[in-house]
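Asker: As input, take entry-v7.cif (mmCIF, C-alpha atoms):
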data_input
loop_
_atom_site.label_atom_id
_atom_site.label_comp_id
_atom_site.auth_asym_id
_atom_site.auth_seq_id
_atom_site.Cartn_x
_atom_site.Cartn_y
_atom_site.Cartn_z
CA MET A 1239 -31.95 -10.80 4.29
CA LYS A 1240 -30.50 -14.27 4.88
CA LEU A 1241 -26.77 -13.93 5.46
CA THR A 1242 -24.17 -16.65 5.93
CA TYR A 1243 -20.39 -16.62 6.17
CA ARG A 1244 -17.58 -19.03 5.45
CA LEU A 1245 -13.88 -19.23 4.71
CA ILE A 1246 -12.81 -19.89 1.13
CA GLY A 1247 -9.83 -21.72 -0.32
CA PRO A 1248 -7.70 -21.66 -3.49
CA ALA A 1249 -10.45 -23.08 -5.69
CA GLU A 1250 -12.46 -19.87 -5.23
CA GLU A 1251 -9.61 -17.39 -5.61
CA LYS A 1252 -10.93 -15.90 -8.85
CA ILE A 1253 -14.43 -15.46 -7.44
CA PHE A 1254 -13.03 -13.77 -4.34
CA ASP A 1255 -10.78 -11.40 -6.28
CA ALA A 1256 -13.55 -10.58 -8.75
CA PHE A 1257 -15.71 -9.37 -5.87
CA ILE A 1258 -12.85 -7.29 -4.42
CA ALA A 1259 -12.09 -5.78 -7.84
CA GLY A 1260 -15.70 -4.83 -8.48
CA HIS A 1261 -16.51 -3.36 -5.08
CA PRO A 1262 -16.30 0.45 -4.65
CA LYS A 1263 -14.03 -0.07 -1.64
CA GLY A 1264 -12.05 -2.95 -3.11
CA HIS A 1265 -8.28 -2.69 -2.71
CA ILE A 1266 -5.29 -4.65 -4.01
CA LEU A 1267 -4.26 -5.37 -0.41
CA GLN A 1268 -7.51 -7.28 0.12
CA THR A 1269 -6.98 -9.69 -2.77
CA TYR A 1270 -6.31 -13.38 -2.46
CA ALA A 1271 -2.99 -12.79 -4.20
CA TRP A 1272 -1.79 -10.25 -1.63
CA GLY A 1273 -2.51 -12.76 1.11
CA GLN A 1274 -0.18 -15.15 -0.69
CA VAL A 1275 2.53 -12.50 -0.70
CA LYS A 1276 2.20 -11.92 3.04
CA ALA A 1277 2.20 -15.66 3.68
CA SER A 1278 5.86 -15.59 2.68
CA THR A 1279 6.60 -13.18 5.56
CA GLY A 1280 5.04 -15.06 8.45
CA TRP A 1281 1.38 -14.07 8.12
CA GLN A 1282 -1.39 -16.63 7.67
CA PRO A 1283 -4.11 -15.39 5.29
CA LEU A 1284 -7.74 -16.20 6.05
CA ARG A 1285 -10.30 -15.23 3.41
CA LEU A 1286 -13.79 -14.76 4.76
CA VAL A 1287 -16.88 -14.05 2.68
CA VAL A 1288 -20.40 -13.06 3.65
CA GLU A 1289 -23.05 -14.32 1.25
CA GLU A 1290 -26.68 -13.63 0.62
CA ASP A 1291 -28.37 -16.52 -1.16
CA GLY A 1292 -24.97 -17.71 -2.41
CA ARG A 1293 -23.87 -14.29 -3.67
CA ILE A 1294 -20.89 -12.56 -2.02
CA VAL A 1295 -21.93 -9.25 -0.48
CA ALA A 1296 -18.94 -8.58 1.82
CA ALA A 1297 -15.45 -9.97 2.31
CA ALA A 1298 -12.35 -9.67 4.42
CA SER A 1299 -8.88 -10.93 3.69
CA LEU A 1300 -7.56 -11.33 7.22
CA LEU A 1301 -3.86 -11.67 7.96
CA LYS A 1302 -3.16 -13.64 11.11
CA ARG A 1303 0.15 -13.13 12.91
CA PRO A 1304 1.06 -15.40 15.86
CA LEU A 1305 2.37 -13.59 18.93
CA PRO A 1306 5.43 -15.20 20.58
CA TYR A 1307 5.25 -16.96 23.92
CA ILE A 1308 1.56 -16.37 24.72
CA GLY A 1309 -0.14 -18.62 22.17
CA ARG A 1310 -2.28 -15.78 20.82
CA SER A 1311 -2.41 -13.89 17.53
CA ILE A 1312 -3.59 -10.69 15.87
CA PHE A 1313 -5.90 -10.16 12.90
CA TYR A 1314 -5.19 -7.44 10.36
CA ALA A 1315 -7.39 -6.57 7.36
CA PRO A 1316 -5.17 -4.26 5.26
CA ARG A 1317 -7.29 -1.53 3.64
CA GLY A 1318 -10.31 -3.60 4.55
CA PRO A 1319 -12.74 -5.07 5.15
CA VAL A 1320 -14.52 -4.80 1.82
CA VAL A 1321 -18.08 -3.96 2.82
CA ASP A 1322 -20.64 -1.19 2.52
CA PHE A 1323 -19.92 0.63 5.77
CA HIS A 1324 -23.18 2.50 5.33
CA ASN A 1325 -25.13 -0.75 5.62
CA PRO A 1326 -25.18 -1.29 9.42
CA ALA A 1327 -26.85 -4.71 9.30
CA LEU A 1328 -24.30 -6.08 6.84
CA PHE A 1329 -21.38 -4.55 8.74
CA ASP A 1330 -22.68 -6.00 12.03
CA PHE A 1331 -22.94 -9.46 10.51
CA LEU A 1332 -19.41 -9.27 9.12
CA LEU A 1333 -18.01 -8.16 12.49
CA GLY A 1334 -19.81 -11.02 14.19
CA ALA A 1335 -18.35 -13.49 11.71
CA ILE A 1336 -14.83 -12.15 12.25
CA ARG A 1337 -15.29 -12.26 16.04
CA GLU A 1338 -16.30 -15.92 15.91
CA LEU A 1339 -13.27 -16.70 13.78
CA ALA A 1340 -11.05 -14.67 16.12
CA LEU A 1341 -12.18 -16.74 19.10
CA LYS A 1342 -11.30 -19.94 17.25
CA GLU A 1343 -7.90 -18.59 16.15
CA GLY A 1344 -6.94 -16.95 19.46
CA ALA A 1345 -6.83 -13.43 18.02
CA ILE A 1346 -6.65 -10.64 20.60
CA LEU A 1347 -7.67 -7.86 18.18
CA LEU A 1348 -8.81 -6.95 14.71
CA LYS A 1349 -6.86 -4.12 13.09
CA ILE A 1350 -8.37 -2.26 10.13
CA ASP A 1351 -7.44 0.83 8.10
CA PRO A 1352 -10.26 1.02 5.54
CA ASP A 1353 -10.25 3.05 2.35
CA ILE A 1354 -12.59 5.63 3.89
CA PRO A 1355 -11.86 9.39 3.73
CA SER A 1356 -11.61 11.31 6.99
CA THR A 1357 -14.53 13.47 5.86
CA ASP A 1358 -16.88 10.51 6.35
CA GLY A 1359 -17.84 11.19 9.94
CA GLU A 1360 -20.67 8.67 9.76
CA VAL A 1361 -18.26 5.75 9.39
CA ARG A 1362 -15.98 7.09 12.11
CA GLU A 1363 -18.91 7.26 14.51
CA LEU A 1364 -20.00 3.77 13.46
CA LEU A 1365 -16.59 2.32 14.29
CA LEU A 1366 -16.55 3.97 17.70
CA ARG A 1367 -20.04 2.68 18.48
CA LYS A 1368 -18.93 -0.83 17.59
CA GLY A 1369 -16.05 -0.65 20.04
CA PHE A 1370 -13.17 0.22 17.72
CA ARG A 1371 -10.47 2.50 19.07
CA LEU A 1372 -8.14 4.73 17.08
CA ALA A 1373 -4.78 2.95 17.09
CA ALA A 1374 -2.45 5.39 15.30
CA GLU A 1375 -3.16 8.96 16.33
CA GLY A 1376 -0.30 10.59 14.47
CA THR A 1377 -0.23 11.82 10.90
CA GLY A 1378 1.60 11.08 7.71
CA PHE A 1379 3.32 7.67 7.82
CA ASP A 1380 2.29 6.70 11.34
CA GLY A 1381 0.49 3.37 11.28
CA VAL A 1382 0.82 0.41 8.93
CA GLN A 1383 -0.62 2.15 5.86
CA PRO A 1384 -0.12 5.83 4.99
CA ARG A 1385 -2.78 8.18 6.36
CA HIS A 1386 -2.41 10.67 3.50
CA VAL A 1387 -2.17 10.10 -0.24
CA PHE A 1388 -2.61 11.94 -3.54
CA ARG A 1389 -5.19 10.46 -5.90
CA LEU A 1390 -5.57 11.37 -9.55
CA ASP A 1391 -8.90 11.19 -11.38
CA LEU A 1392 -8.26 9.40 -14.69
CA ARG A 1393 -11.70 9.95 -16.20
CA PRO A 1394 -10.78 13.09 -18.21
CA PRO A 1395 -8.83 12.74 -21.49
CA LEU A 1396 -5.06 12.33 -21.13
CA GLU A 1397 -4.45 15.73 -22.71
CA GLU A 1398 -6.57 17.40 -20.04
CA ILE A 1399 -4.93 15.38 -17.26
CA ARG A 1400 -1.46 16.49 -18.38
CA LYS A 1401 -2.60 20.08 -18.86
CA ASN A 1402 -3.62 20.19 -15.19
CA PHE A 1403 -0.17 19.19 -13.95
CA HIS A 1404 1.99 21.85 -12.32
CA PRO A 1405 4.00 23.67 -15.03
CA LYS A 1406 7.28 22.42 -13.55
CA THR A 1407 5.99 18.84 -13.63
CA ARG A 1408 5.03 19.16 -17.30
CA TYR A 1409 8.42 20.71 -18.03
CA ASN A 1410 10.29 17.86 -16.33
CA ILE A 1411 8.31 15.23 -18.24
CA GLY A 1412 9.20 17.00 -21.48
CA LEU A 1413 12.83 17.39 -20.36
CA ALA A 1414 13.18 13.65 -19.82
CA GLN A 1415 11.70 12.99 -23.25
CA ARG A 1416 13.97 15.56 -24.95
CA ARG A 1417 17.06 14.18 -23.23
CA GLY A 1418 16.31 10.74 -24.59
CA VAL A 1419 15.08 8.90 -21.48
CA ASN A 1420 13.27 5.73 -22.54
CA VAL A 1421 10.82 3.80 -20.38
CA LYS A 1422 10.70 0.04 -20.76
CA ASP A 1423 7.14 -1.09 -20.05
CA ASP A 1424 7.41 -4.71 -21.18
CA CYS A 1425 9.67 -5.89 -18.37
CA THR A 1426 10.07 -9.59 -17.64
CA LEU A 1427 11.42 -11.50 -14.68
CA GLU A 1428 14.92 -10.96 -16.07
CA ASP A 1429 14.50 -7.23 -15.37
CA LEU A 1430 13.67 -7.70 -11.69
CA PRO A 1431 17.34 -7.86 -10.53
CA VAL A 1432 17.92 -4.53 -12.32
CA PHE A 1433 15.09 -2.92 -10.39
CA TYR A 1434 16.24 -4.43 -7.11
CA CYS A 1435 19.77 -3.06 -7.58
CA LEU A 1436 18.26 0.40 -8.07
CA LEU A 1437 16.13 -0.11 -4.97
CA GLN A 1438 19.19 -1.06 -2.92
CA GLU A 1439 20.97 2.06 -4.16
CA THR A 1440 18.00 4.20 -3.20
CA ALA A 1441 17.72 2.61 0.25
CA LEU A 1442 21.40 3.22 0.96
CA ARG A 1443 21.16 6.84 -0.18
CA ASP A 1444 17.93 7.70 1.65
CA ARG A 1445 18.39 5.31 4.58
CA PHE A 1446 15.31 3.14 4.78
CA LEU A 1447 14.66 -0.57 5.11
CA ILE A 1448 13.71 -2.75 2.15
CA ARG A 1449 12.61 -6.33 1.79
CA SER A 1450 14.84 -9.11 0.49
CA TYR A 1451 15.09 -9.98 -3.18
CA ASP A 1452 13.16 -13.18 -2.47
CA TYR A 1453 10.23 -11.03 -1.32
CA PHE A 1454 10.17 -9.27 -4.68
CA LEU A 1455 10.35 -12.62 -6.43
CA THR A 1456 7.21 -13.53 -4.50
CA LEU A 1457 5.60 -10.25 -5.56
CA TRP A 1458 6.38 -11.12 -9.15
CA LYS A 1459 4.95 -14.62 -8.89
CA GLU A 1460 1.78 -13.68 -7.00
CA LEU A 1461 1.00 -10.26 -8.49
CA VAL A 1462 2.80 -9.61 -11.77
CA GLU A 1463 2.03 -13.05 -13.17
CA ARG A 1464 -1.65 -12.61 -12.21
CA GLY A 1465 -1.79 -9.25 -13.98
CA TYR A 1466 -2.04 -7.30 -10.70
CA ALA A 1467 1.32 -5.52 -10.99
CA LYS A 1468 3.71 -4.18 -13.63
CA LEU A 1469 7.36 -3.14 -13.61
CA PHE A 1470 8.64 -0.05 -15.42
CA LEU A 1471 12.32 0.83 -15.96
CA ALA A 1472 13.76 4.11 -17.21
CA TYR A 1473 16.95 4.00 -19.30
CA TYR A 1474 19.34 6.78 -20.28
CA GLN A 1475 22.12 6.16 -22.79
CA GLY A 1476 21.51 2.45 -22.38
CA GLU A 1477 21.84 2.53 -18.58
CA PRO A 1478 18.96 1.78 -16.16
CA ILE A 1479 18.58 4.83 -13.93
CA ALA A 1480 15.13 4.48 -12.32
CA GLY A 1481 12.31 2.03 -11.85
CA THR A 1482 8.81 1.76 -10.47
CA LEU A 1483 6.39 -0.99 -9.56
CA ALA A 1484 2.67 -0.30 -9.97
CA PHE A 1485 -0.31 -2.36 -8.78
CA ILE A 1486 -3.66 -2.56 -10.54
CA LEU A 1487 -7.05 -4.00 -9.64
CA GLY A 1488 -10.33 -3.30 -11.36
CA ASP A 1489 -10.54 0.41 -12.11
CA LYS A 1490 -7.80 1.45 -9.67
CA ALA A 1491 -4.00 1.65 -9.94
CA TRP A 1492 -1.42 2.32 -7.23
CA TYR A 1493 2.19 3.48 -7.38
CA LEU A 1494 3.86 1.30 -4.76
CA TYR A 1495 7.63 1.15 -5.16
CA GLY A 1496 10.06 3.63 -6.66
CA ALA A 1497 13.84 3.49 -7.05
CA SER A 1498 16.47 5.64 -8.72
CA SER A 1499 20.18 5.71 -9.36
CA ASN A 1500 22.52 8.36 -8.02
CA ARG A 1501 23.55 8.97 -11.62
CA HIS A 1502 21.79 11.13 -14.22
CA ARG A 1503 19.14 12.42 -11.86
CA ASN A 1504 19.20 15.68 -13.80
CA VAL A 1505 17.36 14.05 -16.73
CA MET A 1506 14.25 13.65 -14.54
CA PRO A 1507 13.40 9.97 -15.15
CA ASN A 1508 10.95 9.77 -12.24
CA TYR A 1509 8.62 12.31 -13.86
CA LEU A 1510 8.52 10.39 -17.12
CA LEU A 1511 7.97 7.13 -15.24
CA GLN A 1512 4.95 8.55 -13.47
CA TRP A 1513 3.49 9.89 -16.70
CA THR A 1514 4.04 6.50 -18.37
CA MET A 1515 2.26 4.70 -15.52
CA ILE A 1516 -0.62 7.18 -15.63
CA CYS A 1517 -1.03 6.57 -19.38
CA TRP A 1518 -0.85 2.80 -18.82
CA ALA A 1519 -3.48 2.92 -16.06
CA LYS A 1520 -5.73 5.00 -18.29
CA GLU A 1521 -5.32 2.50 -21.15
CA GLN A 1522 -6.28 -0.32 -18.77
CA GLY A 1523 -9.58 1.37 -18.02
CA CYS A 1524 -8.65 2.72 -14.60
CA THR A 1525 -10.50 5.75 -13.26
CA LEU A 1526 -8.21 6.30 -10.25
CA TYR A 1527 -4.43 6.50 -9.89
CA ASP A 1528 -3.12 6.48 -6.32
CA PHE A 1529 0.33 7.97 -5.66
CA ARG A 1530 0.33 6.44 -2.15
CA GLY A 1531 1.82 8.04 0.90
CA VAL A 1532 2.83 11.60 1.65
CA PRO A 1533 3.56 13.05 5.12
CA GLY A 1534 0.51 15.34 5.05
CA LEU A 1535 0.16 19.00 4.12
CA VAL A 1536 3.71 20.08 4.96
CA SER A 1537 5.82 23.19 4.52
CA GLU A 1538 9.17 23.55 2.77
CA ASP A 1539 11.14 23.00 5.98
CA HIS A 1540 9.74 19.48 6.40
CA PRO A 1541 12.32 16.73 5.70
CA LEU A 1542 9.92 14.99 3.29
CA TYR A 1543 8.74 18.13 1.52
CA GLY A 1544 10.48 17.00 -1.69
CA LEU A 1545 8.36 13.83 -1.77
CA TYR A 1546 5.21 15.87 -1.12
CA ARG A 1547 6.07 18.42 -3.82
CA PHE A 1548 6.85 15.71 -6.39
CA LYS A 1549 3.51 13.97 -5.98
CA LYS A 1550 1.54 17.19 -5.60
CA GLY A 1551 2.88 18.34 -8.95
CA PHE A 1552 0.68 15.81 -10.73
CA SER A 1553 -2.40 17.65 -9.39
CA GLY A 1554 -4.03 14.72 -7.68
CA THR A 1555 -6.53 15.23 -4.88
CA PHE A 1556 -5.02 15.24 -1.40
CA THR A 1557 -6.84 12.51 0.53
CA GLU A 1558 -6.76 11.79 4.26
CA PHE A 1559 -8.15 8.46 5.48
CA ILE A 1560 -9.97 7.93 8.76
CA GLY A 1561 -6.94 6.08 10.11
CA GLU A 1562 -6.09 2.82 11.79
CA TYR A 1563 -8.56 1.26 14.22
CA ASP A 1564 -8.38 -1.70 16.59
CA LEU A 1565 -11.29 -3.83 17.77
CA VAL A 1566 -10.05 -5.44 20.97
CA TYR A 1567 -11.12 -8.97 21.89
CA SER A 1568 -8.74 -9.43 24.84
CA PRO A 1569 -7.98 -6.17 26.75
CA PHE A 1570 -5.24 -7.75 28.90
CA TYR A 1571 -3.20 -9.15 26.01
CA TYR A 1572 -3.90 -6.04 23.95
CA ARG A 1573 -2.22 -3.86 26.59
CA LEU A 1574 0.81 -6.16 26.61
CA TRP A 1575 0.99 -6.05 22.82
CA ARG A 1576 0.81 -2.25 22.74
CA LEU A 1577 3.61 -2.01 25.31
CA ALA A 1578 5.84 -4.36 23.31
CA GLN A 1579 5.40 -2.62 19.95
CA PRO A 1580 7.68 0.43 20.54
CA ALA A 1581 10.51 -1.75 21.83
CA HIS A 1582 10.29 -4.00 18.76
CA ALA A 1583 10.30 -1.02 16.40
CA LEU A 1584 13.27 0.55 18.19
CA PHE A 1585 15.24 -2.71 17.97
CA ARG A 1586 14.68 -2.92 14.20
CA ARG A 1587 15.67 0.72 13.70
CA LEU A 1588 18.86 0.40 15.80
CA LEU A 1589 19.81 -2.74 13.89
CA PHE A 1590 19.29 -0.89 10.62
CA TRP A 1591 21.49 2.10 11.61
CA ARG A 1592 24.20 -0.28 12.82
CA ARG A 1593 24.27 -2.12 9.50
CA LYS A 1594 24.32 1.09 7.49
CA GLY A 1595 27.05 2.50 9.69
CA ARG A 1596 29.23 -0.47 8.91
CA SER A 1597 28.58 -0.06 5.20
CA GLY A 1598 29.41 3.65 5.23
CA GLY A 1599 25.90 4.76 4.29
CA ALA A 1600 24.90 8.36 3.73
CA THR A 1601 23.69 10.56 6.55
CA LYS A 1602 20.67 11.93 4.76
CA GLY A 1603 17.39 11.88 6.68
CA PRO A 1604 14.94 9.00 6.28
CA SER A 1605 12.70 8.74 3.25
CA ARG A 1606 9.46 6.84 2.72
CA GLU A 1607 9.44 7.03 -1.06
CA ALA A 1608 9.87 3.26 -1.33
CA ALA A 1609 8.27 2.47 2.00
CA ASP A 1610 7.25 -1.16 2.44
CA LEU A 1611 3.91 -2.67 3.34
#
Let's see the structure in the file written out as structure tokens.

Answerer:
Amino acid sequence: MKLTYRLIGPAEEKIFDAFIAGHPKGHILQTYAWGQVKASTGWQPLRLVVEEDGRIVAAASLLKRPLPYIGRSIFYAPRGPVVDFHNPALFDFLLGAIRELALKEGAILLKIDPDIPSTDGEVRELLLRKGFRLAAEGTGFDGVQPRHVFRLDLRPPLEEIRKNFHPKTRYNIGLAQRRGVNVKDDCTLEDLPVFYCLLQETALRDRFLIRSYDYFLTLWKELVERGYAKLFLAYYQGEPIAGTLAFILGDKAWYLYGASSNRHRNVMPNYLLQWTMICWAKEQGCTLYDFRGVPGLVSEDHPLYGLYRFKKGFSGTFTEFIGEYDLVYSPFYYRLWRLAQPAHALFRRLLFWRRKGRSGGATKGPSREAADL
């Protein structure tokens, strides 16, 4: 097996994304387009491919973040790399290629959180043998990407999928329909400010951070216009009361952002929005619908139990990933970076509470329903 590697540029974007979309472990966060989104937030995307006789057999969309003052950087492959982890020779070659690139770019580590279930002990052992270390040992929303999600199999007929929902979930979908909630699924750029206003209202109510409007404009340009994302808005009596943003790639769809008004919550728009997105994903040929993060298997006294119950009601499969792993290239700088992380996170959180305090925000506990990436 003759393997080579190289970085690709904009001219090969479609080839790169086609490989990601067709791979069993392909993920929207590994696409060329997502790298463009993150480029607007200070990351530098590097797209690396491994080829066999000119055919791509593995890939990694690496996000490079410079570290202040020390002239070094970090590499992060969100939900990547895209490779057959059960092919040791191919995985070894890819790691070697990334290491060479890391030395050139001054990266002190490679962070990964692959789309691998925790039940795959073989991959976990492989990572440990290759020198990876578990970076986020907590559960739920610890780490960059959520450790736990619900995933719905879309291969059965829609009637069977809906029949398997929890009775209360089916009831709430029907309630929204009977009350006259309408979902707009042909949204244009003119609808984005409507969604963002709902997102701001949600963030103030549930007290979490959101990106700027310009960030969502970038999402629209890089993802929606490429056909990788779609906006849905729920209306009641002519008023927008909820909205969602879904991502799609190949045969997979993800629910990423959700927002809702403080008004008319009793007409259950979020249930109808989810059902609409599930139907849309099915129509697009998807076989998997990912509800994204939940805090784990939690009891009713957990502050995020409502989020867990809502997503569980659609009868998806509870999935735990193997977690977030770091491959350290520079132990000294890695220790410094790990020590600095908590202080940076605390500063951002204190700044957030101060701003919300000035604006008279609610005192409800934090929510991750519209958590950012």

Asker: Rank nothing, just name the residue among A:Ala1414, A:Leu1447, A:Leu1241, A:Val1320 nearest to A:Pro1262, using only C-alpha atoms.

Answerer: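 Closest to A:Pro1262, using only C-alpha atoms: A:Val1320.
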
Asker: Excluding A:Pro1248 and its own-chain neighbours fewer than 5 positions away, which residues fall within 10 Å of it when counting only C-alpha atoms? Please give them as a ChimeraX atom specification.

Answerer: /A:1253-1254,1270,1285

Asker: Need the shell around A:His1386: protein/DNA/RNA residues with any atom at most 10 Å away, counting all atoms listed in the file. Skip same-chain ones fewer than 3 positions apart. Format as a list in words?

Answerer: Pro1355, Ser1356, Thr1377, Gly1378, Phe1379, Asp1380, Gln1383, Arg1389, Phe1529, Arg1530, Gly1531, Val1532, Pro1533, Gly1534, Leu1535, Phe1556, Thr1557, Glu1558, Phe1559, Ile1560 and Gly1561 of chain A

Asker: Please determine, counting only C-alpha atoms, which residue among A:Ala1271, A:Ala1298, A:Leu1469, A:Ile1308 has the shortest atom-to-atom distance to A:Arg1244.

Answerer: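 Of A:Ala1271, A:Ala1298, A:Leu1469, A:Ile1308, the one nearest A:Arg1244 is A:Ala1298, counting only C-alpha atoms.
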
Asker: Looking at A:Leu1305, A:Leu1365, A:Leu1348, A:Leu1372, which one is nearest to A:Glu1562, with distances taken over all atoms listed in the file?

Answerer: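 Ranking A:Leu1305, A:Leu1365, A:Leu1348, A:Leu1372 by distance to A:Glu1562, first place goes to A:Leu1372.
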
Asker: Could you tell me which residues the PyMOL selection byres ((chain A and resi 1249-1251) around 12) grabs in this file, written as JSON, numbers by chain?

Answerer: {"A": [1244, 1245, 1246, 1247, 1248, 1252, 1253, 1254, 1255, 1256, 1257, 1258, 1268, 1269, 1270, 1271, 1272, 1273, 1274, 1284, 1285, 1286, 1287, 1294, 1299, 1464]}

Asker: Find the distance between atom CA of A:Pro1304 and atom CA of A:Val1321 and write it in Å to one decimal.

Answerer: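 Answer for the atom CA of A:Pro1304 to atom CA of A:Val1321 separation: 25.8 Å.
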
Asker: Quick check on the file I pasted: which residues fall under the PyMOL selection byres ((chain A and resi 1350) around 7)? Write them as a list of chain:residue names.

Answerer: A:Tyr1314, A:Ala1315, A:Pro1316, A:Arg1317, A:Gly1318, A:Leu1348, A:Lys1349, A:Asp1351, A:Pro1352, A:Glu1562, A:Tyr1563, A:Asp1564

Asker: Between A:Lys1240, A:Lys1302, A:Lys1276, A:Arg1547, which residue has the minimum interatomic distance to A:Leu1457, considering only C-alpha atoms?

Answerer: A:Lys1276

Asker: Which residues would end up in the selection if the PyMOL selection byres ((chain A and resi 1525) around 9) were applied here, given that I need the answer as a list in words?

Answerer: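 Taken over the shown coordinates, the PyMOL selection byres ((chain A and resi 1525) around 9) returns Leu1390, Asp1391, Leu1392, Arg1393, Pro1394, Asp1489, Lys1490, Ala1491, Ala1519, Lys1520, Gly1523, Cys1524, Leu1526 and Tyr1527 of chain A.
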
Asker: For the point (0.6, -13.0, 15.7) in the file's frame, write as a list of chain:residue names all residues with an atom no more than 8 Å away, counting only C-alpha atoms.

Answerer: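 The distance filter leaves exactly A:Trp1281, A:Lys1302, A:Arg1303, A:Pro1304, A:Leu1305, A:Pro1306, A:Arg1310, A:Ser1311, A:Ile1312, A:Phe1313, A:Ala1345.
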
Asker: Would you mind putting back N, CA, C and O atoms on stretch 1481-1495 of chain A, then writing it out as a short mmCIF file (atom, residue, chain, number, x, y, z; two decimals), keeping the file's coordinate frame?

Answerer:
data_model
loop_
_atom_site.label_atom_id
_atom_site.label_comp_id
_atom_site.auth_asym_id
_atom_site.auth_seq_id
_atom_site.Cartn_x
_atom_site.Cartn_y
_atom_site.Cartn_z
N GLY A 1481 13.31 3.05 -11.65
CA GLY A 1481 12.31 2.03 -11.85
C GLY A 1481 11.14 2.20 -10.90
O GLY A 1481 11.28 2.81 -9.83
N THR A 1482 10.01 1.68 -11.30
CA THR A 1482 8.81 1.76 -10.47
C THR A 1482 8.03 0.46 -10.60
O THR A 1482 8.11 -0.25 -11.61
N LEU A 1483 7.27 0.18 -9.56
CA LEU A 1483 6.39 -0.99 -9.56
C LEU A 1483 4.99 -0.49 -9.24
O LEU A 1483 4.76 0.15 -8.20
N ALA A 1484 4.05 -0.76 -10.13
CA ALA A 1484 2.67 -0.30 -9.97
C ALA A 1484 1.75 -1.51 -9.79
O ALA A 1484 1.98 -2.57 -10.38
N PHE A 1485 0.71 -1.34 -8.98
CA PHE A 1485 -0.31 -2.36 -8.78
C PHE A 1485 -1.59 -1.91 -9.47
O PHE A 1485 -1.85 -0.72 -9.59
N ILE A 1486 -2.40 -2.88 -9.86
CA ILE A 1486 -3.66 -2.56 -10.54
C ILE A 1486 -4.71 -3.59 -10.17
O ILE A 1486 -4.42 -4.79 -10.06
N LEU A 1487 -5.93 -3.12 -9.94
CA LEU A 1487 -7.05 -4.00 -9.64
C LEU A 1487 -8.32 -3.29 -10.05
O LEU A 1487 -8.61 -2.19 -9.58
N GLY A 1488 -9.09 -3.92 -10.92
CA GLY A 1488 -10.33 -3.30 -11.36
C GLY A 1488 -10.07 -1.97 -12.03
O GLY A 1488 -9.28 -1.87 -12.97
N ASP A 1489 -10.71 -0.92 -11.52
CA ASP A 1489 -10.54 0.41 -12.11
C ASP A 1489 -9.61 1.30 -11.30
O ASP A 1489 -9.67 2.51 -11.39
N LYS A 1490 -8.72 0.68 -10.50
CA LYS A 1490 -7.80 1.45 -9.67
C LYS A 1490 -6.36 1.00 -9.91
O LYS A 1490 -6.09 -0.19 -10.14
N ALA A 1491 -5.43 1.95 -9.84
CA ALA A 1491 -4.00 1.65 -9.94
C ALA A 1491 -3.28 2.37 -8.82
O ALA A 1491 -3.68 3.46 -8.40
N TRP A 1492 -2.19 1.76 -8.34
CA TRP A 1492 -1.42 2.32 -7.23
C TRP A 1492 0.06 2.32 -7.59
O TRP A 1492 0.58 1.33 -8.11
N TYR A 1493 0.73 3.41 -7.28
CA TYR A 1493 2.19 3.48 -7.38
C TYR A 1493 2.74 3.02 -6.03
O TYR A 1493 2.54 3.68 -5.02
N LEU A 1494 3.43 1.88 -6.03
CA LEU A 1494 3.86 1.30 -4.76
C LEU A 1494 5.34 1.47 -4.46
O LEU A 1494 5.71 1.87 -3.37
N TYR A 1495 6.19 1.12 -5.40
CA TYR A 1495 7.63 1.15 -5.16
C TYR A 1495 8.31 2.02 -6.20
O TYR A 1495 8.00 1.93 -7.39
#
